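**Student:** Sharing work26.txt, compact mmCIF, C-alpha atoms:
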# COMPACT_ATOMS: atom_id res chain seq x y z
CA MET O 1 -45.47 -35.02 19.16
CA LYS O 2 -46.73 -31.56 18.15
CA LEU O 3 -45.41 -30.16 21.42
CA VAL O 4 -41.95 -31.58 20.68
CA ARG O 5 -41.96 -29.95 17.21
CA VAL O 6 -43.02 -26.59 18.64
CA LEU O 7 -40.31 -26.75 21.30
CA SER O 8 -37.76 -27.67 18.65
CA ILE O 9 -38.73 -24.70 16.51
CA LEU O 10 -38.59 -22.34 19.48
CA LEU O 11 -35.18 -23.71 20.44
CA LEU O 12 -33.90 -23.08 16.92
CA LEU O 13 -35.18 -19.52 17.04
CA PHE O 14 -33.17 -18.89 20.20
CA VAL O 15 -29.92 -20.38 18.91
CA VAL O 16 -29.92 -19.19 15.31
CA PRO O 17 -26.78 -17.05 15.01
CA THR O 18 -26.63 -13.57 13.58
CA MET O 19 -26.07 -13.77 9.82
CA VAL O 20 -23.68 -11.40 8.10
CA PHE O 21 -23.59 -11.02 4.35
CA ALA O 22 -20.89 -9.23 2.40
CA GLY O 23 -21.38 -7.77 -1.05
CA GLY O 24 -19.56 -10.40 -3.04
CA GLY O 25 -18.17 -11.90 0.16
CA ARG O 26 -18.54 -15.08 2.15
CA GLU O 27 -21.50 -15.69 4.48
CA GLU O 28 -20.55 -15.63 8.15
CA GLN O 29 -22.24 -16.70 11.35
CA VAL O 30 -21.70 -15.09 14.73
CA GLN O 31 -23.31 -16.20 17.96
CA LEU O 32 -24.15 -13.14 20.04
CA GLU O 33 -24.88 -13.47 23.74
CA GLU O 34 -27.24 -11.16 25.56
CA GLY O 35 -25.87 -7.64 25.75
CA GLN O 36 -23.23 -8.12 23.06
CA ILE O 37 -22.97 -6.01 19.93
CA LEU O 38 -21.50 -6.89 16.56
CA VAL O 39 -18.77 -4.99 14.72
CA ARG O 40 -18.41 -6.08 11.09
CA PHE O 41 -14.90 -5.68 9.62
CA LEU O 42 -14.59 -5.62 5.81
CA VAL O 43 -11.29 -7.04 4.52
CA PRO O 44 -9.80 -8.52 1.35
CA ARG O 45 -9.13 -12.24 1.64
CA TRP O 46 -5.34 -11.82 1.64
CA ALA O 47 -5.57 -9.76 4.85
CA SER O 48 -7.84 -12.06 6.82
CA THR O 49 -8.24 -15.37 8.58
CA GLY O 50 -9.50 -16.69 5.24
CA ASP O 51 -6.12 -16.40 3.55
CA VAL O 52 -4.56 -19.69 2.43
CA ARG O 53 -1.34 -18.96 4.33
CA ILE O 54 -1.46 -20.34 7.86
CA GLU O 55 0.71 -17.57 9.32
CA ARG O 56 -1.78 -14.93 8.16
CA GLN O 57 -4.73 -16.90 9.47
CA VAL O 58 -3.09 -17.11 12.89
CA ALA O 59 -1.98 -13.47 12.96
CA PHE O 60 -5.35 -12.00 12.01
CA GLN O 61 -7.22 -14.35 14.33
CA SER O 62 -4.96 -13.22 17.18
CA VAL O 63 -6.07 -9.62 16.61
CA ILE O 64 -9.72 -10.60 16.88
CA ASP O 65 -9.20 -12.93 19.84
CA SER O 66 -7.23 -10.37 21.84
CA PHE O 67 -9.90 -7.74 21.17
CA HIS O 68 -12.62 -10.11 22.38
CA ALA O 69 -10.64 -10.81 25.55
CA ALA O 70 -10.40 -7.09 26.30
CA ASN O 71 -13.95 -6.28 25.17
CA PRO O 72 -16.27 -9.15 26.20
CA ASN O 73 -19.41 -7.22 25.21
CA VAL O 74 -18.32 -6.80 21.60
CA ARG O 75 -17.96 -9.39 18.88
CA VAL O 76 -15.98 -8.73 15.68
CA GLN O 77 -16.91 -10.45 12.48
CA GLU O 78 -14.67 -10.49 9.44
CA VAL O 79 -16.57 -9.80 6.24
CA ILE O 80 -14.26 -11.17 3.58
CA SER O 81 -14.89 -9.49 0.26
CA SER O 82 -14.72 -11.41 -2.97
CA ALA O 83 -15.90 -8.48 -5.09
CA SER O 84 -13.99 -8.00 -8.33
CA ASN O 85 -13.34 -4.36 -7.35
CA TYR O 86 -12.57 -4.22 -3.65
CA ASP O 87 -12.46 -0.42 -3.51
CA VAL O 88 -15.99 -0.18 -4.91
CA ASP O 89 -17.10 -2.80 -2.39
CA VAL O 90 -15.70 -0.68 0.46
CA ALA O 91 -17.55 2.41 -0.77
CA ASN O 92 -20.81 0.51 -1.27
CA GLN O 93 -20.77 -1.16 2.13
CA ILE O 94 -19.83 2.04 3.95
CA ASN O 95 -22.63 3.91 2.20
CA GLU O 96 -25.12 1.12 2.90
CA GLY O 97 -24.06 0.75 6.53
CA THR O 98 -23.43 -3.00 6.20
CA VAL O 99 -20.00 -2.85 7.87
CA GLU O 100 -18.56 -0.75 10.69
CA VAL O 101 -14.78 -1.00 10.08
CA VAL O 102 -12.92 -1.29 6.78
CA TRP O 103 -9.43 -2.11 5.53
CA ILE O 104 -8.90 0.41 2.71
CA ASN O 105 -6.11 1.23 0.28
CA ASN O 106 -4.80 4.73 0.94
CA PRO O 107 -5.47 6.21 -2.55
CA PHE O 108 -9.20 5.56 -2.08
CA TYR O 109 -9.38 6.84 1.50
CA PRO O 110 -9.71 10.56 0.54
CA THR O 111 -12.90 10.07 -1.47
CA LEU O 112 -14.81 8.67 1.51
CA GLN O 113 -13.04 10.87 4.04
CA SER O 114 -13.97 14.03 2.13
CA GLN O 115 -17.60 12.89 2.32
CA GLY O 116 -17.40 12.59 6.11
CA LYS O 117 -17.89 8.83 6.11
CA PHE O 118 -15.28 7.98 8.77
CA ALA O 119 -15.14 8.62 12.50
CA ASN O 120 -12.42 10.93 13.79
CA LEU O 121 -9.94 8.75 15.70
CA GLU O 122 -7.67 11.54 16.94
CA PRO O 123 -9.56 12.24 20.21
CA HIS O 124 -9.22 8.54 21.05
CA LEU O 125 -5.50 8.26 20.25
CA SER O 126 -3.12 8.41 23.21
CA ALA O 127 -0.12 10.72 23.24
CA ALA O 128 2.18 7.67 23.25
CA ASP O 129 0.46 6.21 20.19
CA ARG O 130 0.57 9.55 18.42
CA GLU O 131 4.32 9.67 19.00
CA ASP O 132 4.84 6.06 17.93
CA PHE O 133 3.23 6.27 14.48
CA PHE O 134 5.36 7.68 11.67
CA GLY O 135 4.29 11.31 11.68
CA TRP O 136 3.67 11.41 7.95
CA THR O 137 0.98 8.74 8.23
CA LEU O 138 -1.11 10.87 10.58
CA ASP O 139 -0.43 14.08 8.66
CA ALA O 140 -1.43 12.50 5.35
CA LEU O 141 -4.68 11.07 6.69
CA LYS O 142 -5.60 14.40 8.32
CA SER O 143 -4.78 16.35 5.16
CA VAL O 144 -8.16 15.59 3.56
CA ASN O 145 -10.44 17.46 5.95
CA GLY O 146 -8.45 17.97 9.14
CA GLU O 147 -9.74 14.82 10.86
CA LEU O 148 -7.97 11.52 11.45
CA GLY O 149 -10.33 9.22 9.59
CA GLY O 150 -8.24 6.09 10.07
CA LEU O 151 -4.88 4.71 11.11
CA TRP O 152 -2.22 3.50 8.68
CA HIS O 153 -1.81 -0.21 9.37
CA ASN O 154 1.01 -1.15 6.99
CA THR O 155 3.16 0.61 4.46
CA ASP O 156 5.98 0.10 2.00
CA VAL O 157 8.65 2.12 0.28
CA ARG O 158 10.58 1.54 -2.93
CA LEU O 159 14.23 0.53 -2.55
CA PHE O 160 17.18 0.12 -4.91
CA PHE O 161 18.12 -3.58 -4.76
CA TYR O 162 21.52 -4.53 -6.18
CA ARG O 163 23.94 -7.45 -6.50
CA THR O 164 27.14 -6.71 -4.63
CA ASP O 165 29.27 -8.84 -6.98
CA LEU O 166 28.26 -6.61 -9.90
CA ILE O 167 27.85 -3.31 -8.03
CA PRO O 168 30.33 -3.32 -5.09
CA ASN O 169 29.75 0.36 -4.29
CA PRO O 170 26.13 1.39 -4.81
CA PRO O 171 25.54 4.80 -6.38
CA THR O 172 23.20 7.45 -5.06
CA THR O 173 22.33 9.14 -8.37
CA LEU O 174 21.12 7.93 -11.73
CA GLU O 175 23.93 9.84 -13.43
CA ASP O 176 26.47 7.79 -11.45
CA PHE O 177 24.63 4.55 -12.06
CA ILE O 178 24.35 4.78 -15.85
CA PRO O 179 28.11 4.23 -16.47
CA MET O 180 28.00 1.25 -14.09
CA ALA O 181 25.01 -0.15 -15.97
CA ARG O 182 26.89 0.18 -19.26
CA ARG O 183 29.83 -1.82 -17.90
CA ILE O 184 27.49 -4.51 -16.59
CA ARG O 185 25.81 -4.79 -20.00
CA GLN O 186 29.19 -5.06 -21.73
CA ASN O 187 30.79 -7.55 -19.33
CA ASN O 188 27.80 -9.71 -18.40
CA PRO O 189 25.79 -10.81 -21.47
CA GLY O 190 22.36 -12.04 -20.51
CA VAL O 191 22.15 -9.86 -17.37
CA ALA O 192 19.82 -6.87 -17.42
CA PRO O 193 21.66 -4.01 -15.68
CA TYR O 194 18.46 -2.46 -14.31
CA PHE O 195 14.76 -3.20 -14.07
CA LEU O 196 11.85 -1.09 -12.94
CA SER O 197 8.21 -1.08 -13.90
CA LEU O 198 7.62 1.53 -16.61
CA GLY O 199 4.25 0.48 -17.97
CA HIS O 200 2.14 0.48 -14.83
CA THR O 201 1.25 2.68 -11.88
CA ASP O 202 3.82 0.65 -9.88
CA GLY O 203 6.53 2.51 -11.77
CA ILE O 204 4.82 5.90 -11.55
CA ILE O 205 4.70 5.56 -7.76
CA HIS O 206 8.50 5.31 -7.79
CA ALA O 207 8.89 8.03 -10.44
CA TYR O 208 6.81 10.38 -8.31
CA GLY O 209 9.68 10.37 -5.83
CA LEU O 210 12.04 11.61 -8.56
CA PHE O 211 9.51 14.23 -9.62
CA HIS O 212 9.07 15.37 -6.01
CA SER O 213 12.83 15.57 -5.43
CA LEU O 214 13.07 17.94 -8.40
CA GLY O 215 10.56 20.24 -6.71
CA GLY O 216 7.43 19.00 -8.45
CA ARG O 217 3.91 19.33 -7.11
CA MET O 218 0.93 17.21 -8.03
CA VAL O 219 -1.88 19.60 -7.03
CA ASP O 220 -2.16 23.21 -5.94
CA ASN O 221 -3.54 24.37 -2.60
CA SER O 222 -7.11 24.03 -3.84
CA GLY O 223 -6.56 20.43 -4.95
CA ARG O 224 -6.51 21.25 -8.66
CA PRO O 225 -4.01 19.06 -10.58
CA ILE O 226 -0.96 20.99 -11.80
CA VAL O 227 1.19 17.90 -12.28
CA LEU O 228 1.75 18.55 -16.00
CA GLU O 229 1.71 22.32 -16.05
CA GLY O 230 4.69 24.69 -16.41
CA GLU O 231 7.88 23.50 -14.75
CA ASN O 232 6.12 20.39 -13.48
CA ARG O 233 5.80 19.16 -17.05
CA GLN O 234 9.51 19.77 -17.59
CA ARG O 235 10.28 17.70 -14.52
CA TRP O 236 8.22 14.77 -15.79
CA ALA O 237 9.85 15.14 -19.19
CA ARG O 238 13.26 14.75 -17.56
CA VAL O 239 12.14 11.56 -15.82
CA PHE O 240 10.60 10.11 -18.98
CA GLN O 241 13.63 11.01 -21.13
CA THR O 242 16.04 9.39 -18.67
CA TYR O 243 14.08 6.14 -18.75
CA LYS O 244 13.90 6.15 -22.55
CA GLN O 245 17.65 6.79 -22.85
CA MET O 246 18.38 3.84 -20.58
CA MET O 247 16.00 1.59 -22.48
CA GLU O 248 17.40 2.55 -25.88
CA GLU O 249 20.91 1.76 -24.61
CA GLY O 250 19.77 -1.67 -23.44
CA LEU O 251 20.27 -0.80 -19.77
CA ILE O 252 16.61 -1.54 -19.04
CA PRO O 253 14.94 -4.46 -20.83
CA GLU O 254 12.17 -3.59 -23.28
CA SER O 255 9.74 -5.73 -21.29
CA ALA O 256 9.81 -3.08 -18.56
CA ALA O 257 7.76 -0.77 -20.81
CA ILE O 258 4.65 -2.89 -20.21
CA ALA O 259 5.58 -4.64 -16.97
CA ARG O 260 4.31 -4.43 -13.45
CA GLU O 261 6.82 -4.34 -10.63
CA ASN O 262 6.72 -8.12 -10.22
CA GLY O 263 7.98 -8.45 -13.78
CA VAL O 264 11.46 -8.53 -12.26
CA VAL O 265 10.85 -11.79 -10.39
CA PRO O 266 11.70 -14.20 -13.27
CA LEU O 267 14.91 -12.23 -13.93
CA LEU O 268 15.75 -12.22 -10.23
CA LEU O 269 15.26 -15.96 -9.82
CA GLY O 270 17.19 -16.67 -13.01
CA GLY O 271 20.18 -14.54 -12.02
CA GLN O 272 19.50 -12.25 -14.96
CA VAL O 273 19.29 -8.83 -13.31
CA ALA O 274 21.93 -6.71 -11.56
CA ALA O 275 19.72 -4.09 -9.92
CA PHE O 276 16.06 -3.19 -9.69
CA VAL O 277 13.60 -0.90 -7.98
CA GLY O 278 11.15 -2.86 -5.89
CA ASN O 279 8.82 -2.77 -2.94
CA SER O 280 10.61 -2.90 0.41
CA ASN O 281 9.22 -6.38 1.06
CA TYR O 282 11.08 -7.95 -1.88
CA GLY O 283 13.89 -8.95 0.46
CA VAL O 284 11.70 -11.01 2.76
CA ARG O 285 9.30 -12.22 0.06
CA GLU O 286 11.45 -12.90 -2.99
CA ILE O 287 15.18 -12.80 -2.28
CA GLU O 288 15.60 -14.64 1.03
CA PRO O 289 12.97 -17.36 0.61
CA LYS O 290 13.37 -18.11 -3.11
CA LEU O 291 17.07 -17.82 -3.91
CA PRO O 292 19.80 -20.24 -2.83
CA ALA O 293 21.49 -18.90 0.30
CA GLU O 294 24.74 -18.04 -1.48
CA GLU O 295 22.85 -16.06 -4.14
CA ALA O 296 20.56 -14.32 -1.66
CA ALA O 297 23.63 -13.18 0.32
CA LEU O 298 24.81 -11.22 -2.74
CA TRP O 299 21.79 -8.94 -2.64
CA GLN O 300 21.65 -5.71 -0.68
CA ALA O 301 19.43 -2.63 -0.80
CA THR O 302 19.74 1.12 -0.39
CA PRO O 303 17.26 3.99 -0.60
CA VAL O 304 16.35 4.76 -4.20
CA LEU O 305 18.58 6.78 -6.51
CA GLY O 306 17.98 10.45 -7.31
CA PHE O 307 19.10 12.96 -9.89
CA ARG O 308 22.41 14.75 -9.39
CA GLY O 309 21.81 18.04 -7.61
CA ALA O 310 18.47 16.87 -6.13
CA PRO O 311 17.80 14.95 -2.91
CA ALA O 312 18.47 11.21 -3.25
CA GLY O 313 16.65 8.42 -1.47
CA VAL O 314 13.18 9.95 -1.81
CA GLY O 315 11.04 6.82 -1.72
CA VAL O 316 7.28 6.88 -2.07
CA SER O 317 5.26 5.06 0.56
CA GLY O 318 1.85 3.50 0.16
CA GLY O 319 -0.10 1.06 2.24
CA TRP O 320 -3.45 0.26 3.80
CA VAL O 321 -5.57 2.07 6.36
CA ILE O 322 -8.10 0.84 8.92
CA SER O 323 -11.08 3.17 9.30
CA ALA O 324 -14.27 3.12 11.37
CA ARG O 325 -17.53 4.18 9.76
CA LYS O 326 -19.12 7.30 11.23
CA ILE O 327 -22.25 6.20 13.10
CA ASP O 328 -24.38 9.03 14.47
CA ASP O 329 -27.39 7.10 15.73
CA ASN O 330 -25.71 4.41 17.85
CA PRO O 331 -23.01 5.75 20.23
CA ARG O 332 -22.25 2.32 21.67
CA LEU O 333 -21.66 0.77 18.26
CA GLN O 334 -19.64 3.81 17.23
CA GLN O 335 -17.32 3.44 20.20
CA ALA O 336 -16.94 -0.30 19.60
CA ALA O 337 -15.95 0.33 15.98
CA ILE O 338 -13.43 2.99 17.03
CA ASP O 339 -12.02 0.71 19.72
CA PHE O 340 -11.46 -2.06 17.20
CA ALA O 341 -9.78 0.26 14.69
CA LEU O 342 -7.37 1.35 17.43
CA HIS O 343 -6.80 -2.23 18.56
CA ALA O 344 -6.18 -3.54 15.02
CA THR O 345 -3.37 -1.01 14.56
CA ASN O 346 -1.77 -1.25 18.01
CA PHE O 347 1.76 -2.51 18.62
CA SER O 348 0.96 -6.21 18.93
CA ALA O 349 -1.47 -6.26 16.02
CA GLN O 350 0.97 -4.47 13.74
CA ARG O 351 3.91 -6.63 14.78
CA ASN O 352 2.06 -9.92 14.25
CA THR O 353 0.13 -9.16 11.08
CA ASN O 354 2.91 -7.24 9.31
CA LYS O 355 5.37 -10.00 10.08
CA ALA O 356 2.94 -12.62 8.76
CA GLY O 357 2.17 -10.57 5.66
CA GLY O 358 5.73 -9.52 4.91
CA TRP O 359 4.63 -5.89 5.14
CA THR O 360 6.17 -2.83 6.71
CA PRO O 361 4.73 -1.50 10.00
CA THR O 362 3.90 2.15 10.58
CA ARG O 363 5.00 2.25 14.23
CA ASN O 364 8.58 3.01 15.19
CA SER O 365 8.33 0.66 18.17
CA VAL O 366 7.81 -2.40 15.96
CA PHE O 367 11.01 -1.64 14.05
CA THR O 368 13.06 -1.11 17.18
CA SER O 369 11.77 -3.93 19.38
CA ASP O 370 11.21 -6.91 17.08
CA PRO O 371 14.28 -8.70 15.64
CA PHE O 372 12.47 -9.53 12.41
CA PHE O 373 12.42 -5.81 11.61
CA SER O 374 15.49 -4.57 13.47
CA GLU O 375 17.99 -7.25 12.39
CA ASP O 376 16.96 -8.09 8.82
CA ARG O 377 19.22 -6.11 6.45
CA PHE O 378 16.39 -5.25 4.07
CA MET O 379 14.03 -4.14 6.82
CA ALA O 380 16.85 -2.08 8.39
CA THR O 381 17.27 -0.31 5.04
CA THR O 382 13.52 0.17 4.89
CA ALA O 383 13.58 1.93 8.24
CA VAL O 384 16.24 4.31 6.93
CA ALA O 385 14.30 4.95 3.71
CA LEU O 386 11.13 5.72 5.65
CA GLU O 387 12.86 8.63 7.36
CA THR O 388 12.81 10.58 4.09
CA ALA O 389 9.85 8.86 2.42
CA ILE O 390 6.91 10.78 1.08
CA VAL O 391 3.33 9.84 0.29
CA ARG O 392 1.46 11.10 -2.73
CA PRO O 393 -1.14 13.75 -1.86
CA LEU O 394 -4.31 12.08 -0.62
CA VAL O 395 -6.70 13.67 -3.07
CA PRO O 396 -9.43 11.89 -5.07
CA ILE O 397 -7.73 12.69 -8.39
CA ALA O 398 -4.47 10.92 -7.40
CA PRO O 399 -5.34 7.47 -8.84
CA VAL O 400 -6.35 9.09 -12.14
CA ILE O 401 -3.07 11.00 -12.29
CA ALA O 402 -1.06 7.83 -11.63
CA GLN O 403 -2.86 5.80 -14.30
CA THR O 404 -2.70 8.60 -16.88
CA LEU O 405 1.04 9.11 -16.34
CA ALA O 406 1.66 5.35 -16.53
CA ASP O 407 -0.20 5.21 -19.86
CA ALA O 408 1.75 8.24 -21.12
CA LEU O 409 5.12 6.75 -20.19
CA SER O 410 4.33 3.41 -21.81
CA LEU O 411 3.19 5.24 -24.94
CA TYR O 412 6.40 7.29 -25.04
CA LEU O 413 8.59 4.22 -24.67
CA THR O 414 6.81 2.07 -27.26
CA THR O 415 5.85 4.52 -30.02
CA GLY O 416 7.46 7.28 -32.03
CA ARG O 417 5.09 9.99 -30.82
CA SER O 418 6.61 13.18 -29.46
CA LEU O 419 6.88 13.59 -25.72
CA ASP O 420 5.28 17.04 -25.83
CA ALA O 421 2.19 15.69 -27.57
CA ILE O 422 1.91 12.76 -25.17
CA LEU O 423 2.20 14.93 -22.07
CA GLU O 424 -0.25 17.50 -23.45
CA GLU O 425 -2.80 14.78 -24.09
CA ALA O 426 -2.23 13.36 -20.61
CA ASN O 427 -2.76 16.79 -19.07
CA ARG O 428 -6.07 17.23 -20.90
CA THR O 429 -7.19 13.80 -19.68
CA ILE O 430 -6.33 14.61 -16.06
CA LEU O 431 -8.07 17.99 -16.13
CA ALA O 432 -11.18 16.51 -17.78
CA GLU O 433 -11.39 13.80 -15.12
CA TYR O 434 -10.88 16.39 -12.38
CA GLY O 435 -13.79 18.39 -13.79
CA ARG O 436 -16.01 15.31 -13.46
CA LEU O 437 -15.20 14.66 -9.81
Take the structure from the file and write it as structure tokens.
**Tutor:**
Amino acid sequence: MKLVRVLSILLLLFVVPTMVFAGGGREEQVQLEEGQILVRFLVPRWASTGDVRIERQVAFQSVIDSFHAANPNVRVQEVISSASNYDVDVANQINEGTVEVVWINNPFYPTLQSQGKFANLEPHLSAADREDFFGWTLDALKSVNGELGGLWHNTDVRLFFYRTDLIPNPPTTLEDFIPMARRIRQNNPGVAPYFLSLGHTDGIIHAYGLFHSLGGRMVDNSGRPIVLEGENRQRWARVFQTYKQMMEEGLIPESAAIARENGVVPLLLGGQVAAFVGNSNYGVREIEPKLPAEEAALWQATPVLGFRGAPAGVGVSGGWVISARKIDDNPRLQQAAIDFALHATNFSAQRNTNKAGGWTPTRNSVFTSDPFFSEDRFMATTAVALETAIVRPLVPIAPVIAQTLADALSLYLTTGRSLDAILEEANRTILAEYGRL
């Protein structure tokens, strides 16, 4: 009897799987065979096999399964974070060495990249892959310290969505649009002529494109913020004043002053908005699946509007990056992590996961070869907009700048304080935060 118990205990010791714990995440079990190594991949739930949507489960599992098939000596384990602040979780787990690959939002990439936390993927990237990625994605990621510390998995760009029955000929400038918006307000009671987020960083991301088109710069060559100094402040003042004029005339609803970008969805579904600025995936996520077919057919999109005399269509792209942790003491594990980062951003992985997520790929080949991206009218417009899109400078101060400007704009729209005073206070806040970095 004792011998049976001993054998049972020994058997359990041999078959107990490797346990993986995520900070704030779910507990996982992976059975490793002799000679196999484990690569732990930190992800938010919505970009994992743990998402409630079946199509995402299948797409992300296909990435892991195809990697296993090509790399039988490596096993990948998703570590699904449930931390209240995912960006902090990424930083903590990279610093603690509890994961090897991470899915990270681009504004928080530069902080870790400047600390040398990520492996340089450029020596492992083929010439064909280098040509296939949108060039700005590689340039932006390398801008931090000269190394390619990740690959941009998915992106987006703001578009100008409009109803063709109310706006038959879309404008290219705000100056041309304002008279149209006035006629819509006069002739269509109950319909907001225009909606865009003005009380959140969602709106500042779009407004940065206007600022950039006017010649604005966020930081100088040393990385010091100059976004509200000299002529840059005048450029932001022009953007803010235009928005306030439109709101005071009733061309933008007052709710926009405190709204996120998705604040337009109730208006969209209720037929109460004529045009709006939204993420490029609004066509495939909100318009096509949620509106009756005859209403959805009325909606089209163009690149965003600009100011007269400045370049139009300057959309701002964002998105998520896949990075491999720099591992100096285990070359085999380092290579496995790099291999998975490359695999998780290859053509098939991008096509399947971006289609399932309703996101925008960062490879030209996905746009040109998959009908979902090449034939959908909104995705076709997205491809055009990406040709002139920009990305905010990848510097650690960028999220602070965005939040401070969003707070300043909301304050300007909802109080009687002077714009000069608001922008001066915002500048002091930004410079103080920069001094603490």
**Student:** Taking all atoms listed in the file into account, which of O:His200, O:Arg182, O:His206, O:Arg75 comes nearest Arg158 (chain O)?
**Tutor:** O:His206
**Student:** How many Å separate CA of Asp139 (chain O) from CA of Phe307 (chain O)?
**Tutor:**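 That distance, rounded to one decimal, is 27.0 Å.
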**Student:** Could you please determine the separation between CA of Ala344 (chain O) and CA of Ala383 (chain O) in Å, to one decimal place?
**Tutor:**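 Value for the CA of Ala344 (chain O)-CA of Ala383 (chain O) distance: 21.6 Å.
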**Student:** Mind running region 125-238 of chain O against region 408-430 of chain O at 7 Å and telling me each contacting residue's nearest atom pair with the distance in Å (one decimal), counting all atoms listed in the file, chain and number ascending, as a Markdown table?
**Tutor:**
| residue | atom | partner | partner_atom | distance |
| --- | --- | --- | --- | --- |
| O:Leu198 | CA | O:Ser410 | CA | 6.4 |
| O:Gly199 | CA | O:Ser410 | CA | 4.8 |
| O:Leu228 | CA | O:Asn427 | CA | 5.7 |
**Student:** State, in Å with one decimal place, the distance from CA of Lys290 (chain O) to CA of Pro303 (chain O).
**Tutor:** 22.6 Å
**Student:** Compare O:Thr164, O:Gln234, O:Gln113, O:Thr173 by their minimum atom-to-atom distance to Lys142 (chain O), counting only C-alpha atoms, and give me the closest one.
**Tutor:**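 For Lys142 (chain O), the nearest of the candidates is O:Gln113.
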**Student:** Residues within 6 Å of (18.5, 3.9, -6.6), file coordinates, counting all atoms listed in the file: what are they? Give the list as a list in words.
**Tutor:**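 Collected hits near the coordinates: Phe160, Val304 and Leu305 of chain O.
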**Student:** From the set O:Met246, O:Glu33, O:His343, O:Val144, which residue has the shortest atom-to-atom contact distance to Asn221 (chain O), counting all atoms listed in the file?
**Tutor:** O:Val144
**Student:** So which one's closest to Gly278 (chain O), O:Phe177, O:Phe161, O:Phe347, O:Phe373? Using only C-alpha atoms, please.
**Tutor:** O:Phe161
**Student:** Point out the residue among O:Gln245, O:Thr137, O:Ile204, O:Leu148 with the least atom-to-atom distance to Ile178 (chain O), counting all atoms listed in the file.
**Tutor:**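 Of O:Gln245, O:Thr137, O:Ile204, O:Leu148, the one nearest Ile178 (chain O), counting all atoms listed in the file, is O:Gln245.
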**Student:** Place a sphere of radius 7 Å on (-6.4, 8.2, 4.3) in the file coordinates and name every protein, DNA or RNA residue with an atom inside or on its surface, counting all atoms listed in the file; give the answer as a PyMOL selection string.
**Tutor:** chain O and resi 106+109-110+140-141+149-150+321+394
**Student:** Considering only C-alpha atoms, state which residue in the set O:Pro393, O:Pro171, O:Pro292, O:Pro72 is at the smallest distance from Ile37 (chain O).
**Tutor:**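 Closest to Ile37 (chain O), using only C-alpha atoms: O:Pro72.
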**Student:** Find the residues around region 42-46 of chain O up to 10 Å (only C-alpha atoms counted), leave out those fewer than 3 positions away in its own chain, and share them as a ChimeraX atom specification.
**Tutor:** /O:22-23,25-26,39,49-53,56-57,77-83,86-87,89-90,93-94,98-104,322,357
**Student:** If we count all atoms listed in the file and set the cut-off at 9 Å, which residues sit around Arg377 (chain O), ignoring sequence neighbours fewer than 5 positions away in its own chain? Please answer as a list in words.
**Tutor:**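 After dropping sequence-adjacent residues, the list is Gly283, Gln300, Ala301 and Thr382 of chain O.
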